[in-house]
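See below for protein31.txt, which holds compact mmCIF, C-alpha atoms.
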# COMPACT_ATOMS: atom_id res chain seq x y z
CA MET A 1 -48.39 98.57 55.07
CA ARG A 2 -46.89 95.96 52.83
CA LEU A 3 -47.25 95.42 49.10
CA ALA A 4 -47.91 91.87 47.96
CA ARG A 5 -45.05 89.77 46.63
CA MET A 6 -46.77 89.71 43.22
CA THR A 7 -46.46 93.52 43.05
CA ASP A 8 -42.77 93.26 43.85
CA TYR A 9 -42.32 90.67 41.11
CA ALA A 10 -44.34 92.78 38.67
CA VAL A 11 -42.05 95.76 39.17
CA ARG A 12 -38.98 93.54 38.76
CA LEU A 13 -40.42 92.17 35.52
CA LEU A 14 -41.10 95.66 34.19
CA ILE A 15 -37.59 96.81 35.12
CA TYR A 16 -36.09 93.81 33.33
CA LEU A 17 -38.10 94.49 30.18
CA ALA A 18 -37.38 98.23 30.25
CA GLN A 19 -33.66 97.45 30.25
CA ARG A 20 -34.07 95.41 27.05
CA PRO A 21 -36.40 97.44 24.81
CA GLU A 22 -34.72 96.20 21.63
CA ARG A 23 -36.01 92.65 21.92
CA LEU A 24 -38.69 90.31 23.20
CA CYS A 25 -37.87 88.63 26.50
CA THR A 26 -39.20 85.33 27.80
CA ILE A 27 -40.76 84.47 31.11
CA ALA A 28 -38.16 81.72 31.57
CA GLU A 29 -35.35 84.22 31.08
CA VAL A 30 -36.74 86.65 33.67
CA ALA A 31 -37.51 83.81 36.09
CA THR A 32 -33.92 82.63 35.88
CA ALA A 33 -32.46 86.13 36.22
CA TYR A 34 -34.46 86.96 39.35
CA GLU A 35 -34.97 83.45 40.76
CA ILE A 36 -38.74 83.80 40.56
CA SER A 37 -41.20 81.01 39.80
CA GLU A 38 -42.21 80.87 36.13
CA THR A 39 -45.76 80.09 37.22
CA HIS A 40 -45.90 83.31 39.26
CA LEU A 41 -44.46 85.28 36.36
CA MET A 42 -47.06 83.86 33.97
CA LYS A 43 -49.85 85.11 36.25
CA ILE A 44 -48.19 88.49 36.60
CA THR A 45 -47.57 88.78 32.87
CA HIS A 46 -51.24 88.00 32.22
CA GLN A 47 -52.42 90.69 34.66
CA LEU A 48 -49.98 93.31 33.33
CA SER A 49 -50.97 92.46 29.77
CA LEU A 50 -54.69 92.83 30.51
CA ALA A 51 -53.98 96.21 32.08
CA GLY A 52 -52.08 97.35 28.98
CA TRP A 53 -48.61 97.52 30.54
CA LEU A 54 -47.21 94.62 28.47
CA GLU A 55 -47.42 93.26 24.93
CA THR A 56 -47.21 89.51 24.59
CA THR A 57 -46.44 87.44 21.51
CA ARG A 58 -47.24 83.74 21.57
CA GLY A 59 -45.53 80.89 19.82
CA ARG A 60 -42.04 80.18 18.67
CA GLY A 61 -39.98 83.33 18.81
CA GLY A 62 -42.59 84.95 21.04
CA GLY A 63 -42.09 86.78 24.28
CA ILE A 64 -42.99 89.89 26.22
CA ARG A 65 -42.10 93.58 26.08
CA LEU A 66 -43.35 96.84 27.47
CA ALA A 67 -46.48 98.10 25.72
CA ARG A 68 -45.46 101.72 26.29
CA PRO A 69 -42.28 103.61 27.14
CA ALA A 70 -40.93 103.22 30.68
CA SER A 71 -41.47 106.96 31.14
CA ALA A 72 -45.22 106.44 30.63
CA ILE A 73 -45.61 103.70 33.27
CA ARG A 74 -46.51 105.16 36.68
CA LEU A 75 -45.58 102.99 39.66
CA GLY A 76 -48.89 103.81 41.37
CA GLY A 77 -50.77 102.43 38.38
CA VAL A 78 -48.77 99.21 38.50
CA GLY A 79 -49.52 98.89 42.21
CA ARG A 80 -53.23 99.41 41.63
CA THR A 81 -53.14 96.76 38.90
CA MET A 82 -51.41 94.15 41.03
CA GLU A 83 -52.77 94.67 44.52
CA PRO A 84 -55.90 92.65 45.29
CA ASP A 85 -57.03 95.32 47.76
CA PHE A 86 -55.74 98.14 49.90
CA PHE A 87 -57.50 97.16 53.11
CA ILE A 88 -55.09 98.81 55.53
CA VAL A 89 -57.59 98.30 58.33
CA GLU A 90 -60.50 95.90 58.57
CA CYS A 91 -63.12 98.62 58.13
CA PHE A 92 -61.92 99.14 54.52
CA ALA A 93 -63.25 95.69 53.58
CA THR A 94 -66.44 95.66 51.53
CA GLY A 95 -69.41 94.53 53.55
CA HIS A 96 -67.62 94.89 56.88
CA SER A 97 -69.78 96.32 59.65
CA CYS A 98 -67.64 98.11 62.19
CA MET A 99 -68.68 98.10 65.82
CA LEU A 100 -67.25 101.62 66.15
CA HIS A 101 -69.21 103.04 63.18
CA GLY A 102 -70.10 106.64 63.83
CA SER A 103 -67.68 107.11 66.72
CA CYS A 104 -64.31 106.46 65.07
CA GLU A 105 -62.22 108.56 62.71
CA LEU A 106 -59.66 105.85 61.94
CA THR A 107 -61.05 105.12 58.47
CA GLY A 108 -60.54 108.72 57.37
CA VAL A 109 -57.00 108.82 58.73
CA MET A 110 -56.05 105.54 57.05
CA ASP A 111 -57.74 106.55 53.80
CA GLY A 112 -55.64 109.73 53.78
CA ALA A 113 -52.48 107.71 54.39
CA LEU A 114 -53.33 105.36 51.53
CA ARG A 115 -54.03 108.27 49.18
CA SER A 116 -50.69 109.87 50.09
CA PHE A 117 -48.89 106.57 49.52
CA LEU A 118 -50.43 106.07 46.07
CA GLN A 119 -49.92 109.73 45.15
CA HIS A 120 -46.23 109.36 46.01
CA LEU A 121 -45.95 106.24 43.82
CA ASP A 122 -47.79 108.07 41.04
CA SER A 123 -45.07 110.74 41.07
CA PHE A 124 -42.54 108.16 39.80
CA THR A 125 -42.34 106.29 36.52
CA LEU A 126 -40.63 103.04 35.69
CA ALA A 127 -37.91 105.10 33.97
CA ASP A 128 -37.20 106.83 37.29
CA VAL A 129 -36.28 103.57 39.02
CA LEU A 130 -34.18 101.96 36.29
CA PRO A 131 -30.59 101.26 37.28
CA PRO A 132 -27.80 102.75 35.16
CA PRO A 133 -27.22 100.84 31.88
CA ALA A 134 -23.99 99.24 33.14
CA ALA A 135 -25.88 97.68 36.06
CA ALA A 136 -28.44 96.16 33.69
CA ALA A 137 -25.77 94.00 32.10
CA SER A 138 -25.04 92.30 35.39
CA VAL A 139 -28.50 91.50 36.73
CA ARG A 140 -28.24 89.65 40.00
CA PRO A 141 -31.19 88.15 41.84
CA LEU A 142 -32.58 90.24 44.67
CA ARG A 143 -32.35 88.23 47.85
CA PHE A 144 -34.58 88.85 50.82
CA HIS A 145 -33.70 87.82 54.34
CA GLY A 146 -35.79 87.29 57.43
CA ARG A 147 -39.52 87.27 57.98
CA ASN A 148 -40.36 90.04 55.52
CA LYS A 149 -39.28 87.99 52.53
CA GLY A 150 -42.06 89.27 50.31
CA ALA A 151 -41.94 92.91 51.34
CA VAL A 152 -41.05 95.49 48.74
CA ARG A 153 -37.99 97.44 49.80
Go ahead and render the structure in this file as structure tokens.
Amino acid sequence: MRLARMTDYAVRLLIYLAQRPERLCTIAEVATAYEISETHLMKITHQLSLAGWLETTRGRGGGIRLARPASAIRLGGVGRTMEPDFFIVECFATGHSCMLHGSCELTGVMDGALRSFLQHLDSFTLADVLPPPAAAASVRPLRFHGRNKGAVR
């Protein structure tokens, strides 16, 4: 299973903001720090804002910040917000008619795996994954290599 690149970027954005609770941050600033497209970050910021994870302030002097403490942001909730679906196998898709319907237990097995995965993420908050304060001062872009460029690691 792989989380979408947008989920990866969303978590990076939240980490960045959690490390700077004393001020508003800008999309341009985060994009530069992590070498992420500003356009992607705008979409992510919008989704996270609609879900109540972020506060946004428009205009001159505006920016973004966490809408709640990092200790109140569950990683499973962020994943559910950002992921378009969790179709691990084709039979999870809405409206899909499986040729094996009635004679296959794969859906139940995969559903259990997905529930375990999300339950594990729900056991961690954003505060749990923050680097030590000294590391926050020297943010370096995360670089991915190979074919799994967008995979969350």
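Shortest atom-to-atom contact with Leu66 (chain A) among A:Ala28, A:Ala113, A:Val11, A:Leu54: A:Leu54, counting all atoms listed in the file.
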| task | Would you mind listing what lies within 12 Å of Arg23 (chain A) as a ChimeraX atom specification, with only C-alpha atoms counted and same-chain residues fewer than 2 positions away left out? | result | /A:16-21,25-26,55-57,61-66
| request: Give me, please, the distance in Å between CA of Pro132 (chain A) and CA of Ala67 (chain A), quoted to one decimal. | output: 21.4 Å
| request: Have a look at A:Ile27, A:Met110, A:Ile88, A:Leu130 and name the one nearest to His40 (chain A); count all atoms listed in the file. | output: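 Closest to His40 (chain A), using all atoms listed in the file: A:Ile27.
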| said: What does the structure give for the distance between CA of Glu22 (chain A) and CA of Ala127 (chain A), in Å to one decimal? | reply: 15.5 Å
| field | Distance in Å - CA of His120 (chain A) versus CA of Ile73 (chain A) | value |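 Separating CA of His120 (chain A) from CA of Ile73 (chain A) is a distance of 14.0 Å.
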